[in-house]
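What follows is the content of query-v1.cif (mmCIF, C-alpha atoms and all ligand atoms).
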data_input
loop_
_atom_site.label_atom_id
_atom_site.label_comp_id
_atom_site.auth_asym_id
_atom_site.auth_seq_id
_atom_site.Cartn_x
_atom_site.Cartn_y
_atom_site.Cartn_z
CA MET A 1365 0.00 0.00 0.00
CA PHE A 1366 0.95 3.61 -0.60
CA GLU A 1367 2.93 4.75 2.39
CA LEU A 1368 2.57 8.24 3.82
CA ALA A 1369 5.68 10.25 4.66
CA PRO A 1370 6.39 10.46 8.41
CA TYR A 1371 5.55 14.19 8.37
CA ALA A 1372 2.14 13.66 6.74
CA VAL A 1373 -1.11 13.95 8.70
CA SER A 1374 -2.76 10.56 9.17
CA SER A 1375 -5.70 8.89 10.90
CA ALA A 1376 -3.15 7.74 13.48
CA ASN A 1377 -1.73 11.14 14.37
CA THR A 1378 -4.81 13.36 13.93
CA ARG A 1379 -5.73 15.65 16.80
CA GLY A 1380 -9.20 14.28 16.33
CA ARG A 1381 -12.75 15.60 16.35
CA GLN A 1382 -14.42 17.98 18.79
CA LEU A 1383 -16.86 15.22 19.69
CA ALA A 1384 -15.63 11.66 19.78
CA ASP A 1385 -17.05 9.71 16.82
CA PRO A 1386 -16.51 5.94 16.53
CA PRO A 1387 -13.69 5.31 14.02
CA PRO A 1388 -14.91 4.68 10.46
CA LEU A 1389 -14.92 1.08 9.29
CA HIS A 1390 -13.62 1.04 5.74
CA ARG A 1391 -12.42 4.60 5.38
CA SER A 1392 -9.72 6.77 6.85
CA GLU A 1393 -10.74 9.67 9.11
CA PHE A 1394 -10.03 12.09 6.27
CA GLN A 1395 -11.99 10.14 3.70
CA ARG A 1396 -14.87 10.47 6.11
CA ASP A 1397 -14.33 14.23 6.37
CA ARG A 1398 -14.26 14.49 2.58
CA ASP A 1399 -17.48 12.47 2.34
CA ARG A 1400 -19.25 14.59 4.94
CA ILE A 1401 -18.31 17.73 3.03
CA VAL A 1402 -19.53 16.35 -0.32
CA HIS A 1403 -22.89 15.47 1.25
CA SER A 1404 -23.38 18.89 2.87
CA THR A 1405 -25.95 21.45 1.74
CA ALA A 1406 -23.32 24.19 1.60
CA PHE A 1407 -21.35 22.11 -0.90
CA ARG A 1408 -24.28 21.85 -3.29
CA ARG A 1409 -24.82 25.61 -3.08
CA LEU A 1410 -21.34 26.16 -4.51
CA GLU A 1411 -22.75 25.30 -7.91
CA TYR A 1412 -24.69 28.55 -7.97
CA LYS A 1413 -22.13 30.83 -6.42
CA THR A 1414 -19.47 32.60 -8.43
CA GLN A 1415 -16.05 34.13 -8.07
CA VAL A 1416 -15.72 36.76 -10.79
CA PHE A 1417 -18.66 36.26 -13.11
CA VAL A 1418 -22.20 35.99 -11.87
CA ASN A 1419 -23.87 32.66 -12.41
CA HIS A 1420 -26.37 33.78 -15.05
CA GLU A 1421 -23.70 35.44 -17.20
CA GLY A 1422 -22.86 32.18 -18.95
CA ASP A 1423 -22.93 28.42 -18.51
CA LEU A 1424 -19.24 27.87 -19.14
CA PHE A 1425 -17.70 30.11 -16.51
CA ARG A 1426 -16.26 28.62 -13.36
CA THR A 1427 -18.51 28.45 -10.36
CA ARG A 1428 -17.34 27.93 -6.80
CA LEU A 1429 -18.12 24.27 -7.26
CA THR A 1430 -16.00 23.72 -10.35
CA HIS A 1431 -13.31 25.92 -8.79
CA SER A 1432 -13.29 23.75 -5.65
CA LEU A 1433 -13.03 20.60 -7.79
CA GLU A 1434 -10.09 22.08 -9.68
CA VAL A 1435 -8.37 23.01 -6.41
CA ALA A 1436 -8.96 19.47 -5.13
CA GLN A 1437 -7.52 17.94 -8.29
CA ILE A 1438 -4.39 20.09 -8.12
CA ALA A 1439 -3.93 19.63 -4.37
CA ARG A 1440 -4.37 15.86 -4.55
CA GLY A 1441 -1.80 15.56 -7.30
CA ILE A 1442 0.74 17.54 -5.31
CA ALA A 1443 -0.04 15.71 -2.07
CA ARG A 1444 0.37 12.29 -3.67
CA ALA A 1445 3.65 13.24 -5.35
CA LEU A 1446 5.02 14.26 -1.94
CA ARG A 1447 3.59 11.22 -0.10
CA LEU A 1448 1.24 13.42 1.89
CA ASN A 1449 -2.35 12.77 2.88
CA GLU A 1450 -4.33 13.09 -0.33
CA ASP A 1451 -7.70 12.64 1.39
CA LEU A 1452 -7.00 15.51 3.76
CA ALA A 1453 -5.88 17.72 0.87
CA GLU A 1454 -9.08 16.83 -0.96
CA ALA A 1455 -11.28 17.49 2.08
CA ILE A 1456 -9.73 20.92 2.73
CA SER A 1457 -9.97 21.87 -0.95
CA LEU A 1458 -13.62 20.91 -1.24
CA ALA A 1459 -14.49 22.82 1.95
CA HIS A 1460 -12.29 25.87 1.52
CA ASP A 1461 -14.95 28.05 -0.13
CA LEU A 1462 -18.07 26.81 1.67
CA GLY A 1463 -18.49 30.07 3.59
CA HIS A 1464 -18.38 32.35 0.59
CA THR A 1465 -21.18 34.85 0.10
CA PRO A 1466 -23.01 35.12 -3.21
CA PHE A 1467 -21.30 37.29 -5.87
CA GLY A 1468 -17.70 36.52 -4.96
CA HIS A 1469 -15.46 39.19 -3.52
CA ALA A 1470 -18.00 41.94 -4.07
CA GLY A 1471 -20.50 40.10 -1.87
CA GLN A 1472 -17.89 39.35 0.78
CA GLU A 1473 -16.75 42.99 0.95
CA ALA A 1474 -20.30 44.24 1.19
CA LEU A 1475 -21.21 41.84 3.98
CA ASN A 1476 -17.99 42.60 5.85
CA GLU A 1477 -18.81 46.30 5.64
CA CYS A 1478 -22.37 45.66 6.92
CA MET A 1479 -20.95 43.61 9.80
CA ARG A 1480 -18.27 46.16 10.71
CA ASP A 1481 -19.74 46.92 14.13
CA HIS A 1482 -20.71 43.30 14.74
CA GLY A 1483 -17.41 41.45 14.50
CA GLY A 1484 -17.02 41.65 10.71
CA PHE A 1485 -17.48 38.96 8.13
CA GLU A 1486 -14.63 36.80 6.89
CA HIS A 1487 -15.29 33.99 4.42
CA ASN A 1488 -12.64 31.64 5.87
CA LEU A 1489 -14.22 31.88 9.28
CA GLN A 1490 -17.65 31.48 7.74
CA SER A 1491 -16.47 28.25 6.06
CA LEU A 1492 -15.41 27.03 9.49
CA ARG A 1493 -18.72 28.16 10.99
CA THR A 1494 -20.52 26.23 8.26
CA VAL A 1495 -18.77 22.94 8.99
CA ASP A 1496 -18.69 23.48 12.78
CA LEU A 1497 -22.18 24.76 13.33
CA LEU A 1498 -24.52 25.59 10.48
CA GLU A 1499 -24.87 22.28 8.67
CA GLU A 1500 -27.79 20.30 10.04
CA ARG A 1501 -27.25 16.71 9.00
CA TYR A 1502 -26.43 14.66 12.06
CA ALA A 1503 -28.54 13.64 15.00
CA ALA A 1504 -25.74 13.77 17.52
CA PHE A 1505 -24.10 17.11 16.73
CA ASP A 1506 -24.37 20.42 14.90
CA GLY A 1507 -22.17 20.85 11.86
CA LEU A 1508 -20.03 18.07 10.42
CA ASN A 1509 -17.73 17.39 13.39
CA LEU A 1510 -14.62 17.31 11.19
CA CYS A 1511 -11.07 16.51 12.27
CA PHE A 1512 -8.83 19.26 13.62
CA GLU A 1513 -6.54 19.20 10.57
CA THR A 1514 -9.41 19.64 8.11
CA ARG A 1515 -10.76 22.58 10.12
CA GLU A 1516 -7.27 24.03 10.45
CA GLY A 1517 -6.83 23.92 6.68
CA ILE A 1518 -10.10 25.75 6.12
CA VAL A 1519 -8.94 28.75 8.19
CA LYS A 1520 -6.34 29.99 5.75
CA HIS A 1521 -5.83 33.32 7.46
CA CYS A 1522 -7.52 35.23 10.21
CA SER A 1523 -7.07 38.38 12.27
CA LEU A 1524 -5.37 38.09 15.66
CA GLU A 1525 -8.58 39.24 17.29
CA ASN A 1526 -10.53 36.40 15.70
CA ALA A 1527 -7.70 33.93 16.30
CA ARG A 1528 -8.01 34.52 20.04
CA GLN A 1529 -11.58 33.29 19.87
CA LEU A 1530 -10.78 30.13 17.95
CA GLY A 1531 -9.10 28.22 20.77
CA ALA A 1532 -6.61 25.55 19.63
CA LEU A 1533 -7.40 26.31 16.00
CA GLY A 1534 -6.36 29.95 16.40
CA GLU A 1535 -3.08 29.25 18.19
CA ARG A 1536 -0.94 29.09 15.10
CA PHE A 1537 -1.85 32.66 14.16
CA LEU A 1538 -0.81 33.84 17.61
CA ASP A 1539 2.42 31.87 17.97
CA ARG A 1540 3.18 32.03 14.22
CA THR A 1541 3.55 28.30 13.69
CA ARG A 1542 2.52 26.48 10.50
CA PRO A 1543 -0.43 24.37 9.53
CA SER A 1544 0.09 20.87 8.06
CA LEU A 1545 1.83 20.50 4.71
CA GLU A 1546 -1.52 19.39 3.28
CA ALA A 1547 -3.07 22.72 4.33
CA GLN A 1548 -0.11 24.63 2.90
CA ILE A 1549 -0.60 22.78 -0.40
CA CYS A 1550 -4.29 23.68 -0.59
CA ASN A 1551 -3.50 27.39 -0.21
CA LEU A 1552 -1.23 27.37 -3.21
CA ALA A 1553 -3.39 24.95 -5.23
CA ASP A 1554 -6.18 27.52 -4.77
CA GLU A 1555 -3.94 30.21 -6.29
CA ILE A 1556 -2.85 28.04 -9.21
CA ALA A 1557 -6.47 27.17 -9.93
CA TYR A 1558 -7.95 30.65 -9.85
CA ASN A 1559 -5.15 32.46 -11.62
CA ASN A 1560 -5.35 30.07 -14.53
CA HIS A 1561 -9.09 29.76 -14.73
CA ASP A 1562 -9.59 33.50 -14.45
CA VAL A 1563 -7.34 33.89 -17.49
CA ASP A 1564 -9.48 31.32 -19.30
CA ASP A 1565 -12.80 32.82 -18.21
CA GLY A 1566 -11.59 36.37 -18.84
CA LEU A 1567 -10.70 35.44 -22.42
CA ARG A 1568 -13.98 33.61 -22.86
CA ALA A 1569 -15.90 36.68 -21.68
CA GLY A 1570 -13.91 38.87 -24.06
CA LEU A 1571 -12.77 41.12 -21.20
CA ILE A 1572 -9.08 40.42 -21.76
CA LYS A 1573 -7.27 39.77 -25.02
CA LEU A 1574 -4.66 37.23 -26.02
CA GLU A 1575 -2.27 40.03 -27.05
CA GLN A 1576 -2.42 41.48 -23.52
CA LEU A 1577 -1.61 38.11 -22.00
CA GLU A 1578 1.45 37.79 -24.18
CA GLU A 1579 3.04 40.48 -22.03
CA LEU A 1580 3.10 37.97 -19.18
CA ASP A 1581 6.29 35.88 -19.02
CA LEU A 1582 4.60 32.57 -18.19
CA PHE A 1583 1.88 32.92 -20.80
CA ALA A 1584 4.27 34.19 -23.50
CA ARG A 1585 6.64 31.28 -22.97
CA HIS A 1586 3.94 28.64 -23.24
CA VAL A 1587 1.90 30.17 -26.04
CA GLY A 1588 5.17 30.50 -27.96
CA ASP A 1589 5.96 26.81 -27.43
CA VAL A 1590 2.47 25.79 -28.52
CA ARG A 1591 2.61 27.95 -31.66
CA ARG A 1592 5.97 26.51 -32.64
CA ALA A 1593 4.76 22.94 -32.15
CA TYR A 1594 1.30 23.50 -33.72
CA PRO A 1595 1.60 26.46 -36.11
CA ARG A 1596 -1.97 26.13 -37.38
CA LEU A 1597 -3.65 25.92 -33.98
CA GLY A 1598 -5.86 28.84 -33.05
CA GLY A 1599 -8.96 29.82 -31.10
CA ARG A 1600 -9.98 28.00 -27.92
CA ARG A 1601 -7.59 25.10 -28.40
CA LEU A 1602 -4.57 27.39 -28.49
CA ILE A 1603 -5.76 28.94 -25.22
CA HIS A 1604 -6.54 25.64 -23.54
CA GLU A 1605 -3.27 24.03 -24.60
CA THR A 1606 -1.40 27.06 -23.24
CA ILE A 1607 -3.26 27.11 -19.93
CA ARG A 1608 -2.86 23.41 -19.31
CA ARG A 1609 0.90 23.82 -19.80
CA MET A 1610 0.94 26.76 -17.40
CA ILE A 1611 -0.86 24.75 -14.72
CA ASN A 1612 1.47 21.80 -15.22
CA THR A 1613 4.56 24.04 -14.99
CA GLN A 1614 3.33 25.63 -11.76
CA VAL A 1615 2.35 22.31 -10.20
CA CYS A 1616 5.68 20.66 -11.08
CA ASP A 1617 7.58 23.70 -9.84
CA LEU A 1618 5.71 23.57 -6.53
CA ILE A 1619 6.39 19.85 -6.11
CA ASP A 1620 10.11 20.19 -6.93
CA SER A 1621 10.65 23.22 -4.80
CA THR A 1622 8.73 21.73 -1.84
CA ALA A 1623 10.55 18.39 -2.14
CA GLY A 1624 13.80 20.39 -2.01
CA ASN A 1625 12.70 22.24 1.13
CA ILE A 1626 11.69 18.97 2.80
CA ALA A 1627 14.99 17.34 1.89
CA ARG A 1628 16.89 20.28 3.36
CA LEU A 1629 14.95 20.55 6.60
CA LEU A 1630 14.04 16.90 7.08
CA PRO A 1631 11.08 17.28 9.40
CA ARG A 1632 10.62 14.05 11.35
CA ASP A 1633 6.95 14.46 12.03
CA ILE A 1634 4.00 16.82 11.84
CA ALA A 1635 5.11 18.57 15.04
CA GLU A 1636 8.35 19.61 13.35
CA VAL A 1637 6.43 20.77 10.28
CA ARG A 1638 4.40 23.06 12.51
CA LEU A 1639 7.48 24.59 14.13
CA GLY A 1640 9.47 25.04 10.93
CA PRO A 1641 9.30 27.60 8.12
CA ALA A 1642 6.74 27.31 5.30
CA LEU A 1643 7.88 24.26 3.37
CA VAL A 1644 5.37 24.36 0.54
CA THR A 1645 6.70 27.04 -1.78
CA PHE A 1646 7.20 27.88 -5.42
CA SER A 1647 10.68 28.56 -6.75
CA GLU A 1648 11.54 32.23 -6.80
CA GLU A 1649 11.10 32.39 -10.58
CA SER A 1650 7.69 30.77 -10.48
CA PHE A 1651 6.62 32.96 -7.56
CA GLU A 1652 7.52 36.05 -9.61
CA ALA A 1653 5.59 34.75 -12.61
CA GLN A 1654 2.51 34.23 -10.43
CA ARG A 1655 2.84 37.70 -9.00
CA GLN A 1656 2.96 39.19 -12.47
CA MET A 1657 -0.14 37.22 -13.44
CA LYS A 1658 -2.04 38.27 -10.33
CA ARG A 1659 -1.18 41.91 -10.92
CA PHE A 1660 -2.41 41.59 -14.50
CA LEU A 1661 -5.70 39.99 -13.45
CA ARG A 1662 -6.27 42.61 -10.78
CA THR A 1663 -5.83 45.57 -13.09
CA GLN A 1664 -7.21 44.14 -16.33
CA LEU A 1665 -9.96 41.75 -15.25
CA TYR A 1666 -11.16 42.34 -11.69
CA GLN A 1667 -11.16 46.13 -12.31
CA HIS A 1668 -12.74 45.88 -15.75
CA TYR A 1669 -15.70 48.24 -15.92
CA GLN A 1670 -18.11 45.44 -16.79
CA VAL A 1671 -16.96 43.39 -13.79
CA LEU A 1672 -17.18 46.47 -11.57
CA ARG A 1673 -20.73 47.20 -12.72
CA MET A 1674 -21.84 43.73 -11.73
CA ALA A 1675 -19.91 44.01 -8.46
CA SER A 1676 -21.62 47.27 -7.64
CA LYS A 1677 -25.05 45.72 -8.23
CA ALA A 1678 -24.05 42.75 -6.07
CA GLN A 1679 -22.93 45.02 -3.24
CA ARG A 1680 -26.22 46.86 -3.37
CA ILE A 1681 -28.19 43.62 -3.21
CA VAL A 1682 -26.22 42.37 -0.19
CA SER A 1683 -26.43 45.63 1.73
CA ASP A 1684 -30.14 46.08 0.96
CA LEU A 1685 -30.88 42.58 2.23
CA PHE A 1686 -28.80 43.17 5.33
CA ALA A 1687 -30.55 46.46 6.09
CA ALA A 1688 -34.00 44.94 5.63
CA PHE A 1689 -33.33 41.90 7.81
CA THR A 1690 -31.57 43.75 10.60
CA SER A 1691 -34.24 46.42 10.81
CA ASN A 1692 -36.95 43.77 11.04
CA SER A 1693 -35.81 40.26 11.89
CA ARG A 1694 -39.36 38.97 11.37
CA LEU A 1695 -38.80 39.26 7.63
CA LEU A 1696 -36.36 36.34 7.97
CA PRO A 1697 -37.40 32.73 7.47
CA PRO A 1698 -38.17 31.38 10.98
CA GLN A 1699 -35.07 29.18 11.20
CA TYR A 1700 -32.89 32.29 10.92
CA GLN A 1701 -34.64 34.17 13.68
CA ALA A 1702 -32.31 33.85 16.65
CA ALA A 1703 -33.93 32.34 19.72
CA GLY A 1704 -33.80 34.20 23.04
CA ASP A 1705 -30.74 36.42 23.36
CA GLY A 1706 -29.05 34.81 20.31
CA ASP A 1707 -26.95 37.00 18.06
CA GLN A 1708 -29.59 38.08 15.54
CA VAL A 1709 -27.19 40.12 13.40
CA ARG A 1710 -24.89 37.12 12.99
CA ARG A 1711 -27.87 35.01 11.96
CA VAL A 1712 -28.66 37.58 9.25
CA ALA A 1713 -25.07 37.27 8.02
CA ASP A 1714 -25.40 33.46 8.04
CA TYR A 1715 -28.57 33.68 5.99
CA ILE A 1716 -27.10 36.08 3.43
CA ALA A 1717 -23.77 34.22 3.22
CA GLY A 1718 -25.60 30.97 2.53
CA MET A 1719 -27.48 32.43 -0.46
CA THR A 1720 -26.59 31.51 -4.00
CA ASP A 1721 -26.30 34.34 -6.54
CA ARG A 1722 -29.71 33.71 -8.02
CA TYR A 1723 -31.39 33.20 -4.63
CA ALA A 1724 -30.03 36.56 -3.46
CA ILE A 1725 -31.34 38.26 -6.58
CA LYS A 1726 -34.74 36.62 -6.10
CA GLU A 1727 -34.91 37.42 -2.40
CA HIS A 1728 -34.02 41.03 -3.18
CA ARG A 1729 -36.87 41.16 -5.68
CA ARG A 1730 -39.28 39.59 -3.19
CA LEU A 1731 -38.42 42.19 -0.56
CA PHE A 1732 -38.15 45.30 -2.68
CA THR A 1733 -40.45 44.84 -5.67
CA VAL A 1734 -44.09 45.37 -4.86
CA SER A 1735 -45.39 43.12 -7.64
CA GLU A 1736 -43.28 40.11 -6.44
CA SER A 1737 -44.22 37.79 -3.64
MG MG A 1801 -10.76 29.33 -3.58
#
Translate the structure described by the file into C-alpha cells.
Ligand code: MG
Amino acid sequence: MFELAPYAVSSANTRGRQLADPPPLHRSEFQRDRDRIVHSTAFRRLEYKTQVFVNHEGDLFRTRLTHSLEVAQIARGIARALRLNEDLAEAISLAHDLGHTPFGHAGQEALNECMRDHGGFEHNLQSLRTVDLLEERYAAFDGLNLCFETREGIVKHCSLENARQLGALGERFLDRTRPSLEAQICNLADEIAYNNHDVDDGLRAGLIKLEQLEELDLFARHVGDVRRAYPRLGGRRLIHETIRRMINTQVCDLIDSTAGNIARLLPRDIAEVRLGPALVTFSEESFEAQRQMKRFLRTQLYQHYQVLRMASKAQRIVSDLFAAFTSNSRLLPPQYQAAGDGDQVRRVADYIAGMTDRYAIKEHRRLFTVSES
C-alpha cells in the first residue's frame, strides 16, 4: 500500500474531532471528512455561487463548485507526489470556499462592511462556521464534526482578534507556527487554480485579449511553445493548450521546490512541520511569474468596468438585504430568527452568506419589488 511520509497527517496522528465519533470502518478519518463535506448542503450551493462572473452570465464560466473541484484535483496531485495525505488535501480543498457569500469578492466585501460593528465577516471563518455549526445533517451534533486538521486547513488566514476566539485552532496565528503541509498545499493549489481559470474565463468573456496576455512571461513562454509545435492551432484550443501547460509548470515547480525544502529541513513528524518555516513554496522564478499574473488579473480583469458594474449591483443587493433583515428580523425565514438572546445580526449574516447568486437576486426582488411575492 501507498505509504505516507512520516511528516504527513494521518488517521493515526490526527488531533481528532471535537466530539468523539466511533472510528470509520472502511475509510480513513479524512476520507470520512471528505465524504461529509460532499454530502453537505453548503457544498451543493457552490454550484450557484461565483467568483468573478455571476452565475447567469454564462454556462461555461467557473462556479465555486468547479473551482473547488479544480483546487482538489491540483492539491491531490501535489499531495500524492510528496507522499502526503491526499484525502485531507481533498477534504480541505472541497471545503475551503463553503463560507463564501453570493457574488464573490463583491459580496464578501459588502457583507464585511455591513458587519463592521458586529465582529465583521470573513469567508474563511464562515467556512469554518458552516462545517462546525450551520450544517444540520447529524442527529448527535451540529455541523459536520470534522477533524482538527481539516478545520485548520479551512482557516487559511484570520485576524489576531478572531484567532483569540478560535481556541486551539487559532493558536498558530498567535504563535506564528505552521499548519500541516496538506493545508499549505491547498493554499497554493487555490492560487494556481484561480489564476489560470480566471485567465481562461476572462478570455472567454472577451474582457481580456490574447495580445495582452502575451506580455506575461509565463503565458508568452507557453503560447510560444504551442505555436511553434502547432503552427496552425488557433482559437480555444490554443488557449486551452497554453493554460494546461501553465498549470502543469506551476504544479511541477511547486512539487520540486517543496521536495527540495523537505529534503533540506528533514522534518521528522507533523510537530516539526508546525514549528518550521513554510515548506510548501514555489521557486523564486515561479513565484515572480505568479505575481505578475495576479497583478495583471487585478488591473485588467477584476477592475474591468463590466466586472465592476456587476460588483456594484451585487454590493447593493447584499447591503439592501442586510438592512431589511436587521431592521426587522421577522422578515427572515423562521429558522434564521435567533432564539432568546441569540446573536440576531450574525444570523442575518449566516442567511445572506448561505445564499446563491440567483437566490439573493430573487430574495431582493421579493423584498423590494411590490409586484413580487
Ligand atoms: Mg478558492
Taking all atoms listed in the file into account, which of A:Ala1553, A:Leu1389, A:Leu1618, A:Leu1497 comes nearest ligand MG 1801 (chain A)?
->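 Answer, going by the shortest atom-to-atom distance: A:Ala1553.
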Throw together the list of residues within 8 Å of ligand MG 1801 (chain A), counting only C-alpha atoms and all ligand atoms, and drop it here as a list in words.
->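 Checking only C-alpha atoms and all ligand atoms against ligand MG 1801 (chain A) at 8 Å gives Arg1428, His1431, Ser1432, Val1435, Ser1457, His1460, Asp1461, Asp1554, Glu1555, Ala1557 and Tyr1558 of chain A.
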Distance criterion (all atoms listed in the file): nearest to Asn1551 (chain A) out of A:Gly1718, A:Glu1450, A:Ala1436, A:Arg1444 = A:Ala1436
Which protein, DNA or RNA residues are at most 6 Å from (-23.5, 41.6, 3.8) in the file's coordinates when you count only C-alpha atoms, listed as an MDAnalysis selection string?
-> chainID A and resid 1474:1476 1478 1682:1683 1686
Applying 12 Å and all atoms listed in the file, which residues near Glu1477 (chain A) remain after dropping the ones on its own chain fewer than 5 positions away? List them as an mmCIF file with C-alpha atoms, in the coordinates of the input.
data_model
loop_
_atom_site.group_PDB
_atom_site.id
_atom_site.type_symbol
_atom_site.label_atom_id
_atom_site.label_comp_id
_atom_site.auth_asym_id
_atom_site.auth_seq_id
_atom_site.Cartn_x
_atom_site.Cartn_y
_atom_site.Cartn_z
ATOM 1 C CA ALA A 1470 -18.000 41.940 -4.070
ATOM 2 C CA GLY A 1471 -20.500 40.100 -1.870
ATOM 3 C CA GLN A 1472 -17.890 39.350 0.780
ATOM 4 C CA HIS A 1482 -20.710 43.300 14.740
ATOM 5 C CA GLY A 1483 -17.410 41.450 14.500
ATOM 6 C CA GLY A 1484 -17.020 41.650 10.710
ATOM 7 C CA PHE A 1485 -17.480 38.960 8.130
ATOM 8 C CA GLU A 1486 -14.630 36.800 6.890
ATOM 9 C CA GLN A 1679 -22.930 45.020 -3.240
ATOM 10 C CA ARG A 1680 -26.220 46.860 -3.370
ATOM 11 C CA VAL A 1682 -26.220 42.370 -0.190
ATOM 12 C CA SER A 1683 -26.430 45.630 1.730
ATOM 13 C CA PHE A 1686 -28.800 43.170 5.330
ATOM 14 C CA ALA A 1687 -30.550 46.460 6.090
ATOM 15 C CA ALA A 1713 -25.070 37.270 8.020
#
Can you pull out every residue within 9 Å of Leu1498 (chain A), counting only C-alpha atoms, but drop anything in the same chain fewer than 4 positions away, and send it as a PyMOL selection string?
-> chain A and resi 1493-1494+1506-1508+1714
So what do you get for CA of Leu1571 (chain A) versus CA of Gln1670 (chain A), distance-wise?
->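 A separation of 8.2 Å between them.
Using only C-alpha atoms, the protein and nucleic acid residues lying no more than 12 Å from Glu1727 (chain A), apart from those fewer than 3 places from it along its own chain, are Ile1681, Val1682, Asp1684, Leu1685, Phe1686, Ala1688, Phe1689, Leu1695, Leu1696, Pro1697, Tyr1715, Ile1716, Met1719, Thr1720, Asp1721, Arg1722, Tyr1723, Ala1724, Arg1730, Leu1731, Phe1732, Thr1733, Glu1736 and Ser1737 of chain A.
From CA of Gly1566 (chain A) back to CA of Gln1664 (chain A), the distance works out to 9.3 Å.
Near Ala1584 (chain A), within 12 Å and counting all atoms listed in the file, sit Leu1574, Glu1575, Gln1576, Leu1577, Glu1578, Glu1579, Leu1580, Asp1581, Val1587, Gly1588, Asp1589, Val1590, Arg1591, Ile1603, Thr1606, Ile1607, Arg1609, Met1610, Ala1653 and Met1657 of chain A, not including residues fewer than 3 positions from it in the same chain.
CA of Val1402 (chain A) lies 28.0 Å from CA of Pro1370 (chain A).
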Using all atoms listed in the file, which of A:Glu1605, A:Asp1565, A:Glu1636, A:Glu1652 sits nearest Tyr1666 (chain A)?
-> A:Asp1565
Between A:Leu1410, A:Leu1582, A:Leu1489, A:Ala1384, which has the minimum distance to Lys1658 (chain A) (counting only C-alpha atoms)?
-> A:Leu1582
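Residue nearest Thr1427 (chain A), chosen from A:Cys1522, A:Gly1441, A:Phe1407, A:Leu1538 and counting all atoms listed in the file: A:Phe1407.
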Please identify all polymer residues within 10 Å of Leu1383 (chain A), counting all atoms listed in the file, omitting same-chain residues fewer than 3 positions from it, and present them as JSON, numbers by chain.
-> {"A": [1380, 1386, 1504, 1505, 1509, 1510, 1511]}
Which residue, A:Leu1661, A:Ile1401, A:Ser1374, A:Ile1438, has the smallest gap to Ile1572 (chain A) when you use all atoms listed in the file?
->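 Among the listed residues, A:Leu1661 lies closest to Ile1572 (chain A).
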